[in-house]
>>> print(open('entry_29.cif').read())   # mmCIF, N, CA and C atoms
data_coords
loop_
_atom_site.label_atom_id
_atom_site.label_comp_id
_atom_site.auth_asym_id
_atom_site.auth_seq_id
_atom_site.Cartn_x
_atom_site.Cartn_y
_atom_site.Cartn_z
N MET A 1372 13.95 -30.61 33.91
CA MET A 1372 12.73 -30.80 33.16
C MET A 1372 13.07 -30.89 31.68
N VAL A 1373 12.53 -31.84 31.00
CA VAL A 1373 12.77 -32.04 29.57
C VAL A 1373 11.60 -31.46 28.81
N GLU A 1374 11.95 -30.61 27.84
CA GLU A 1374 10.92 -29.95 27.04
C GLU A 1374 10.68 -30.77 25.78
N SER A 1375 9.46 -31.03 25.49
CA SER A 1375 9.18 -31.77 24.26
C SER A 1375 9.22 -30.83 23.08
N SER A 1376 9.50 -31.37 21.91
CA SER A 1376 9.56 -30.53 20.71
C SER A 1376 8.19 -29.94 20.39
N HIS A 1377 7.15 -30.64 20.81
CA HIS A 1377 5.80 -30.13 20.59
C HIS A 1377 5.56 -28.84 21.38
N THR A 1378 6.02 -28.81 22.62
CA THR A 1378 5.82 -27.63 23.48
C THR A 1378 6.70 -26.47 23.03
N SER A 1379 7.97 -26.74 22.71
CA SER A 1379 8.86 -25.65 22.33
C SER A 1379 8.45 -25.01 21.00
N GLY A 1380 7.81 -25.76 20.13
CA GLY A 1380 7.34 -25.21 18.86
C GLY A 1380 6.11 -24.34 19.02
N LEU A 1381 5.42 -24.47 20.15
CA LEU A 1381 4.19 -23.72 20.39
C LEU A 1381 4.46 -22.27 20.75
N TRP A 1382 5.54 -22.00 21.51
CA TRP A 1382 5.81 -20.65 21.97
C TRP A 1382 5.99 -19.64 20.86
N PRO A 1383 6.77 -19.92 19.81
CA PRO A 1383 6.88 -18.92 18.73
C PRO A 1383 5.54 -18.59 18.10
N GLN A 1384 4.68 -19.57 17.99
CA GLN A 1384 3.37 -19.33 17.39
C GLN A 1384 2.52 -18.40 18.26
N LEU A 1385 2.63 -18.56 19.57
CA LEU A 1385 1.87 -17.70 20.48
C LEU A 1385 2.46 -16.31 20.58
N TYR A 1386 3.77 -16.21 20.48
CA TYR A 1386 4.47 -14.94 20.66
C TYR A 1386 4.40 -14.03 19.43
N GLU A 1387 4.37 -14.60 18.25
CA GLU A 1387 4.46 -13.84 16.99
C GLU A 1387 3.41 -12.72 16.86
N PRO A 1388 2.13 -12.93 17.13
CA PRO A 1388 1.17 -11.83 17.00
C PRO A 1388 1.48 -10.62 17.89
N PHE A 1389 2.03 -10.86 19.09
CA PHE A 1389 2.37 -9.77 19.99
C PHE A 1389 3.61 -9.03 19.53
N ARG A 1390 4.54 -9.76 18.89
CA ARG A 1390 5.78 -9.17 18.43
C ARG A 1390 5.52 -8.16 17.32
N THR A 1391 4.55 -8.42 16.48
CA THR A 1391 4.27 -7.53 15.35
C THR A 1391 3.14 -6.53 15.63
N ALA A 1392 2.53 -6.59 16.79
CA ALA A 1392 1.39 -5.72 17.11
C ALA A 1392 1.77 -4.25 17.09
N ARG A 1393 2.96 -3.90 17.58
CA ARG A 1393 3.38 -2.49 17.61
C ARG A 1393 3.45 -1.90 16.21
N ALA A 1394 4.03 -2.65 15.27
CA ALA A 1394 4.12 -2.17 13.89
C ALA A 1394 2.74 -2.01 13.27
N ARG A 1395 1.85 -2.96 13.54
CA ARG A 1395 0.50 -2.86 12.98
C ARG A 1395 -0.25 -1.67 13.57
N LEU A 1396 -0.06 -1.38 14.87
CA LEU A 1396 -0.71 -0.24 15.50
C LEU A 1396 -0.20 1.06 14.88
N ALA A 1397 1.11 1.16 14.65
CA ALA A 1397 1.68 2.36 14.04
C ALA A 1397 1.12 2.56 12.63
N GLU A 1398 0.97 1.48 11.86
CA GLU A 1398 0.39 1.59 10.52
C GLU A 1398 -1.06 2.05 10.60
N TRP A 1399 -1.80 1.58 11.59
CA TRP A 1399 -3.20 1.93 11.73
C TRP A 1399 -3.36 3.41 12.05
N LEU A 1400 -2.45 3.96 12.87
CA LEU A 1400 -2.52 5.36 13.24
C LEU A 1400 -1.95 6.28 12.16
N ALA A 1401 -1.17 5.74 11.23
CA ALA A 1401 -0.55 6.56 10.19
C ALA A 1401 -1.63 7.12 9.26
N PRO A 1402 -1.51 8.40 8.94
CA PRO A 1402 -2.52 9.01 8.07
C PRO A 1402 -2.43 8.48 6.63
N ALA A 1403 -3.57 8.46 5.98
CA ALA A 1403 -3.63 8.03 4.58
C ALA A 1403 -2.90 9.06 3.72
N ALA A 1404 -2.23 8.58 2.67
CA ALA A 1404 -1.47 9.48 1.80
C ALA A 1404 -1.58 9.02 0.36
N GLU A 1405 -1.31 9.95 -0.54
CA GLU A 1405 -1.22 9.62 -1.96
C GLU A 1405 -0.08 10.44 -2.56
N ALA A 1406 0.58 9.87 -3.55
CA ALA A 1406 1.69 10.54 -4.21
C ALA A 1406 1.42 10.61 -5.70
N SER A 1407 1.83 11.71 -6.30
CA SER A 1407 1.65 11.88 -7.74
C SER A 1407 2.82 12.69 -8.29
N THR A 1408 2.90 12.77 -9.60
CA THR A 1408 3.97 13.53 -10.23
C THR A 1408 3.49 14.10 -11.56
N ASP A 1409 4.19 15.14 -11.98
CA ASP A 1409 4.01 15.67 -13.33
C ASP A 1409 5.41 16.00 -13.84
N ASP A 1410 5.52 16.81 -14.89
CA ASP A 1410 6.83 17.11 -15.47
C ASP A 1410 7.74 17.92 -14.56
N LYS A 1411 7.18 18.66 -13.62
CA LYS A 1411 7.98 19.60 -12.82
C LYS A 1411 8.10 19.26 -11.34
N VAL A 1412 7.10 18.58 -10.76
CA VAL A 1412 7.10 18.34 -9.31
C VAL A 1412 6.59 16.96 -8.95
N TYR A 1413 6.98 16.53 -7.73
CA TYR A 1413 6.38 15.39 -7.06
C TYR A 1413 5.47 15.97 -6.00
N THR A 1414 4.31 15.35 -5.78
CA THR A 1414 3.36 15.84 -4.78
C THR A 1414 2.94 14.69 -3.87
N ILE A 1415 2.97 14.95 -2.57
CA ILE A 1415 2.49 13.99 -1.57
C ILE A 1415 1.38 14.68 -0.81
N ALA A 1416 0.20 14.06 -0.77
CA ALA A 1416 -0.94 14.62 -0.03
C ALA A 1416 -1.29 13.65 1.09
N MET A 1417 -1.43 14.19 2.31
CA MET A 1417 -1.77 13.37 3.47
C MET A 1417 -3.00 13.91 4.17
N GLU A 1418 -3.88 13.01 4.57
CA GLU A 1418 -5.07 13.40 5.32
C GLU A 1418 -4.71 13.59 6.79
N LEU A 1419 -4.87 14.82 7.28
CA LEU A 1419 -4.58 15.13 8.68
C LEU A 1419 -5.71 15.96 9.30
N PRO A 1420 -6.95 15.45 9.27
CA PRO A 1420 -8.05 16.23 9.82
C PRO A 1420 -7.88 16.48 11.31
N GLY A 1421 -8.09 17.72 11.71
CA GLY A 1421 -8.01 18.09 13.11
C GLY A 1421 -6.59 18.28 13.64
N VAL A 1422 -5.58 18.16 12.79
CA VAL A 1422 -4.20 18.34 13.21
C VAL A 1422 -3.77 19.75 12.81
N GLY A 1423 -3.28 20.51 13.78
CA GLY A 1423 -2.85 21.87 13.52
C GLY A 1423 -1.42 21.91 13.00
N GLU A 1424 -1.09 23.00 12.33
CA GLU A 1424 0.25 23.21 11.78
C GLU A 1424 1.32 23.07 12.87
N GLU A 1425 1.02 23.54 14.07
CA GLU A 1425 1.98 23.48 15.18
C GLU A 1425 2.23 22.06 15.67
N ASP A 1426 1.38 21.10 15.28
CA ASP A 1426 1.53 19.71 15.69
C ASP A 1426 2.17 18.83 14.61
N ILE A 1427 2.68 19.46 13.55
CA ILE A 1427 3.30 18.72 12.44
C ILE A 1427 4.77 19.08 12.35
N ASP A 1428 5.61 18.07 12.20
CA ASP A 1428 7.05 18.24 12.00
C ASP A 1428 7.39 17.62 10.65
N LEU A 1429 7.78 18.45 9.70
CA LEU A 1429 8.13 18.01 8.36
C LEU A 1429 9.63 18.20 8.17
N SER A 1430 10.32 17.13 7.77
CA SER A 1430 11.76 17.23 7.56
C SER A 1430 12.17 16.49 6.29
N VAL A 1431 13.32 16.89 5.75
CA VAL A 1431 13.89 16.26 4.56
C VAL A 1431 15.36 16.02 4.83
N ALA A 1432 15.79 14.77 4.68
CA ALA A 1432 17.21 14.44 4.89
C ALA A 1432 17.53 13.14 4.17
N GLY A 1433 18.66 13.12 3.51
CA GLY A 1433 19.13 11.90 2.87
C GLY A 1433 18.18 11.30 1.85
N GLY A 1434 17.45 12.15 1.14
CA GLY A 1434 16.53 11.66 0.13
C GLY A 1434 15.22 11.12 0.68
N VAL A 1435 14.89 11.48 1.92
CA VAL A 1435 13.65 11.00 2.54
C VAL A 1435 12.88 12.17 3.14
N VAL A 1436 11.60 12.27 2.82
CA VAL A 1436 10.69 13.24 3.44
C VAL A 1436 9.99 12.52 4.58
N THR A 1437 10.04 13.11 5.78
CA THR A 1437 9.38 12.51 6.94
C THR A 1437 8.38 13.50 7.53
N VAL A 1438 7.18 13.02 7.76
CA VAL A 1438 6.12 13.81 8.38
C VAL A 1438 5.78 13.14 9.70
N LYS A 1439 5.98 13.87 10.80
CA LYS A 1439 5.64 13.38 12.13
C LYS A 1439 4.65 14.35 12.75
N GLY A 1440 3.84 13.84 13.65
CA GLY A 1440 2.90 14.73 14.31
C GLY A 1440 2.10 14.01 15.35
N GLU A 1441 1.09 14.70 15.83
CA GLU A 1441 0.24 14.12 16.86
C GLU A 1441 -1.20 14.58 16.67
N LYS A 1442 -2.09 13.59 16.71
CA LYS A 1442 -3.52 13.89 16.71
C LYS A 1442 -3.91 13.99 18.17
N ARG A 1443 -4.36 15.15 18.57
CA ARG A 1443 -4.66 15.39 19.98
C ARG A 1443 -6.14 15.18 20.28
N SER A 1444 -6.40 14.75 21.50
CA SER A 1444 -7.76 14.51 21.94
C SER A 1444 -8.30 15.74 22.66
N SER A 1445 -9.55 16.07 22.39
CA SER A 1445 -10.20 17.16 23.14
C SER A 1445 -11.64 16.73 23.42
N ARG A 1446 -11.79 15.92 24.44
CA ARG A 1446 -13.11 15.40 24.80
C ARG A 1446 -13.75 16.22 25.90
N GLU A 1447 -15.04 16.31 25.81
CA GLU A 1447 -15.81 16.96 26.87
C GLU A 1447 -16.86 15.96 27.30
N GLU A 1448 -16.73 15.46 28.51
CA GLU A 1448 -17.66 14.45 29.00
C GLU A 1448 -18.79 15.12 29.76
N THR A 1449 -20.02 14.87 29.32
CA THR A 1449 -21.17 15.48 29.97
C THR A 1449 -22.04 14.45 30.65
N GLY A 1450 -21.74 13.19 30.43
CA GLY A 1450 -22.52 12.13 31.06
C GLY A 1450 -21.65 10.91 31.24
N GLU A 1451 -22.21 9.85 31.75
CA GLU A 1451 -21.43 8.64 31.98
C GLU A 1451 -21.70 7.59 30.92
N THR A 1452 -22.53 7.86 29.96
CA THR A 1452 -22.86 6.86 28.95
C THR A 1452 -22.18 7.19 27.63
N TRP A 1453 -21.33 6.28 27.21
CA TRP A 1453 -20.68 6.39 25.90
C TRP A 1453 -21.20 5.26 25.04
N TYR A 1454 -21.64 5.57 23.86
CA TYR A 1454 -22.12 4.53 22.97
C TYR A 1454 -20.95 3.94 22.19
N PHE A 1455 -20.15 4.77 21.56
CA PHE A 1455 -18.94 4.33 20.88
C PHE A 1455 -18.12 5.54 20.49
N SER A 1456 -16.84 5.31 20.23
CA SER A 1456 -15.94 6.35 19.76
C SER A 1456 -15.00 5.74 18.75
N GLU A 1457 -14.97 6.28 17.53
CA GLU A 1457 -14.10 5.76 16.47
C GLU A 1457 -13.01 6.76 16.11
N ARG A 1458 -12.85 7.80 16.91
CA ARG A 1458 -11.84 8.80 16.63
C ARG A 1458 -10.48 8.29 17.05
N GLN A 1459 -9.44 8.65 16.27
CA GLN A 1459 -8.09 8.19 16.54
C GLN A 1459 -7.24 9.34 17.08
N TYR A 1460 -6.45 9.05 18.11
CA TYR A 1460 -5.56 10.03 18.70
C TYR A 1460 -4.21 9.37 18.93
N GLY A 1461 -3.17 10.16 18.88
CA GLY A 1461 -1.83 9.64 19.15
C GLY A 1461 -0.83 10.16 18.14
N SER A 1462 0.41 9.74 18.31
CA SER A 1462 1.50 10.17 17.43
C SER A 1462 1.47 9.38 16.13
N PHE A 1463 1.96 10.01 15.07
CA PHE A 1463 2.07 9.33 13.79
C PHE A 1463 3.37 9.74 13.12
N SER A 1464 3.81 8.93 12.18
CA SER A 1464 5.01 9.22 11.41
C SER A 1464 4.92 8.50 10.07
N ARG A 1465 5.19 9.21 9.00
CA ARG A 1465 5.24 8.62 7.65
C ARG A 1465 6.50 9.13 6.98
N SER A 1466 7.19 8.25 6.27
CA SER A 1466 8.39 8.62 5.53
C SER A 1466 8.23 8.20 4.08
N PHE A 1467 8.78 9.03 3.18
CA PHE A 1467 8.68 8.79 1.75
C PHE A 1467 10.06 8.98 1.12
N ARG A 1468 10.57 7.95 0.46
CA ARG A 1468 11.86 8.05 -0.22
C ARG A 1468 11.66 8.83 -1.52
N LEU A 1469 12.52 9.82 -1.73
CA LEU A 1469 12.43 10.66 -2.92
C LEU A 1469 13.22 10.06 -4.08
N PRO A 1470 12.77 10.28 -5.31
CA PRO A 1470 13.53 9.84 -6.48
C PRO A 1470 14.83 10.65 -6.60
N PRO A 1471 15.80 10.15 -7.36
CA PRO A 1471 17.09 10.84 -7.48
C PRO A 1471 17.01 12.26 -8.05
N ASP A 1472 16.00 12.56 -8.85
CA ASP A 1472 15.91 13.89 -9.45
C ASP A 1472 15.10 14.88 -8.62
N ALA A 1473 14.83 14.55 -7.37
CA ALA A 1473 14.07 15.45 -6.49
C ALA A 1473 15.01 16.51 -5.91
N ASP A 1474 14.52 17.75 -5.83
CA ASP A 1474 15.28 18.87 -5.28
C ASP A 1474 14.91 19.04 -3.81
N GLU A 1475 15.71 18.44 -2.91
CA GLU A 1475 15.42 18.47 -1.48
C GLU A 1475 15.34 19.91 -0.95
N ALA A 1476 16.16 20.78 -1.48
CA ALA A 1476 16.21 22.17 -1.00
C ALA A 1476 14.94 22.94 -1.34
N GLY A 1477 14.19 22.48 -2.32
CA GLY A 1477 13.00 23.21 -2.76
C GLY A 1477 11.69 22.69 -2.21
N VAL A 1478 11.74 21.78 -1.23
CA VAL A 1478 10.51 21.19 -0.68
C VAL A 1478 9.67 22.27 0.01
N SER A 1479 8.37 22.25 -0.26
CA SER A 1479 7.45 23.17 0.40
C SER A 1479 6.20 22.39 0.82
N ALA A 1480 5.41 22.99 1.71
CA ALA A 1480 4.21 22.30 2.20
C ALA A 1480 3.10 23.30 2.46
N ASP A 1481 1.87 22.81 2.36
CA ASP A 1481 0.69 23.62 2.58
C ASP A 1481 -0.35 22.77 3.31
N LEU A 1482 -0.95 23.30 4.37
CA LEU A 1482 -1.99 22.61 5.11
C LEU A 1482 -3.30 23.34 4.89
N LYS A 1483 -4.25 22.65 4.26
CA LYS A 1483 -5.53 23.29 3.95
C LYS A 1483 -6.65 22.26 4.07
N ASN A 1484 -7.69 22.59 4.82
CA ASN A 1484 -8.86 21.73 4.99
C ASN A 1484 -8.50 20.32 5.43
N GLY A 1485 -7.51 20.19 6.34
CA GLY A 1485 -7.14 18.89 6.86
C GLY A 1485 -6.28 18.04 5.96
N VAL A 1486 -5.76 18.63 4.88
CA VAL A 1486 -4.89 17.90 3.96
C VAL A 1486 -3.55 18.63 3.89
N LEU A 1487 -2.47 17.90 4.21
CA LEU A 1487 -1.12 18.43 4.07
C LEU A 1487 -0.62 18.05 2.69
N THR A 1488 -0.23 19.06 1.91
CA THR A 1488 0.30 18.81 0.57
C THR A 1488 1.77 19.21 0.56
N VAL A 1489 2.63 18.23 0.31
CA VAL A 1489 4.07 18.44 0.23
C VAL A 1489 4.45 18.44 -1.25
N THR A 1490 5.14 19.51 -1.67
CA THR A 1490 5.54 19.64 -3.07
C THR A 1490 7.06 19.60 -3.15
N VAL A 1491 7.57 18.72 -4.02
CA VAL A 1491 9.01 18.54 -4.20
C VAL A 1491 9.33 18.78 -5.67
N PRO A 1492 10.04 19.89 -5.98
CA PRO A 1492 10.38 20.16 -7.37
C PRO A 1492 11.39 19.15 -7.91
N LYS A 1493 11.37 18.97 -9.22
CA LYS A 1493 12.35 18.11 -9.88
C LYS A 1493 13.54 18.96 -10.32
N THR A 1494 14.73 18.36 -10.31
CA THR A 1494 15.94 19.09 -10.69
C THR A 1494 16.17 19.09 -12.20
N GLY A 1495 15.40 18.34 -12.93
CA GLY A 1495 15.61 18.23 -14.37
C GLY A 1495 16.14 16.85 -14.69
N PRO A 1496 16.72 16.69 -15.86
CA PRO A 1496 17.24 15.37 -16.23
C PRO A 1496 18.29 14.92 -15.22
N GLU A 1497 18.25 13.65 -14.90
CA GLU A 1497 19.18 13.09 -13.93
C GLU A 1497 20.61 13.23 -14.42
N ALA A 1498 21.50 13.78 -13.59
CA ALA A 1498 22.89 14.01 -13.96
C ALA A 1498 23.63 12.72 -14.24
N ASP A 1499 23.25 11.65 -13.58
CA ASP A 1499 23.94 10.38 -13.75
C ASP A 1499 23.33 9.51 -14.83
N ALA A 1500 22.47 10.08 -15.66
CA ALA A 1500 21.83 9.30 -16.71
C ALA A 1500 22.89 8.80 -17.70
N ALA A 1501 22.65 7.63 -18.25
CA ALA A 1501 23.60 7.06 -19.20
C ALA A 1501 23.65 7.90 -20.47
N ARG A 1502 24.84 8.02 -21.02
CA ARG A 1502 24.99 8.74 -22.28
C ARG A 1502 25.90 7.94 -23.19
N LYS A 1503 25.74 8.12 -24.45
CA LYS A 1503 26.53 7.40 -25.45
C LYS A 1503 27.90 8.05 -25.55
N VAL A 1504 28.94 7.24 -25.56
CA VAL A 1504 30.31 7.72 -25.66
C VAL A 1504 30.89 7.22 -26.99
N LYS A 1505 31.40 8.17 -27.76
CA LYS A 1505 31.97 7.81 -29.05
C LYS A 1505 33.38 7.27 -28.83
N ILE A 1506 33.66 6.17 -29.48
CA ILE A 1506 34.98 5.54 -29.37
C ILE A 1506 35.83 5.95 -30.56
N LYS A 1507 37.00 6.49 -30.29
CA LYS A 1507 37.90 6.91 -31.35
C LYS A 1507 38.85 5.77 -31.73
N ARG A 1508 39.20 5.72 -32.99
CA ARG A 1508 40.18 4.73 -33.44
C ARG A 1508 41.56 5.31 -33.25
N GLY A 1509 42.43 4.50 -32.74
CA GLY A 1509 43.76 5.00 -32.44
C GLY A 1509 44.75 4.59 -33.39
#
>>> encode(input="entry_29.cif", output="structure tokens")
Amino acid sequence: MVESSHTSGLWPQLYEPFRTARARLAEWLAPAAEASTDDKVYTIAMELPGVGEEDIDLSVAGGVVTVKGEKRSSREETGETWYFSERQYGSFSRSFRLPPDADEAGVSADLKNGVLTVTVPKTGPEADAARKVKIKRG
């Protein structure tokens, strides 16, 4: 069977939306976050309503803070009629690359009112910052 160029060009177009669907679903389930900084710390705040401390895994490695967890479902069905449900359940994961002056060893976190706040202290001026070198005449 000989395939026409018209037909072979069609398959990638049909396949592409399915290939990227998994990444889009993961982004949709990922909790909203915001990052800020001041002179002493970096702060990352994530919305995690209904997620308990025991369902959150926070790790720091190689200059990256990763927050993983699971939004669990707890439904009680009392009838057979559902109008709609917009609640999200499932696993999530968010990673944040830290700046060079972040102190990985000092990372701390607090979960309050459905918001996880991750605090990363700064180490001070960057050790690898450029400095002026005086040249001596020989």
>>> residues_around(input="entry_29.cif", residues="stretch 1424-1436 of chain A", least_positions_apart="5", cutoff="10 Å", atoms="only C-alpha atoms", output="JSON, numbers by chain")
{"A": [1415, 1419, 1441, 1442, 1443, 1462, 1463, 1464, 1465, 1466, 1467, 1468, 1469, 1470, 1471, 1472, 1473, 1474, 1475, 1476, 1478, 1479, 1480, 1481, 1482, 1483, 1485, 1487, 1489, 1491]}
>>> resolve_selection(input="entry_29.cif", expression="the PyMOL selection byres (((chain A and resi 1413 and name CA) around 6) and name CA)", output="VMD selection string")
chain A and resid 1407 to 1408 1412 1414 1490 to 1491
>>> atom_distance(input="entry_29.cif", atom1="atom CA of A:Glu1405", atom2="atom N of A:Gly1477")
20.1 Å
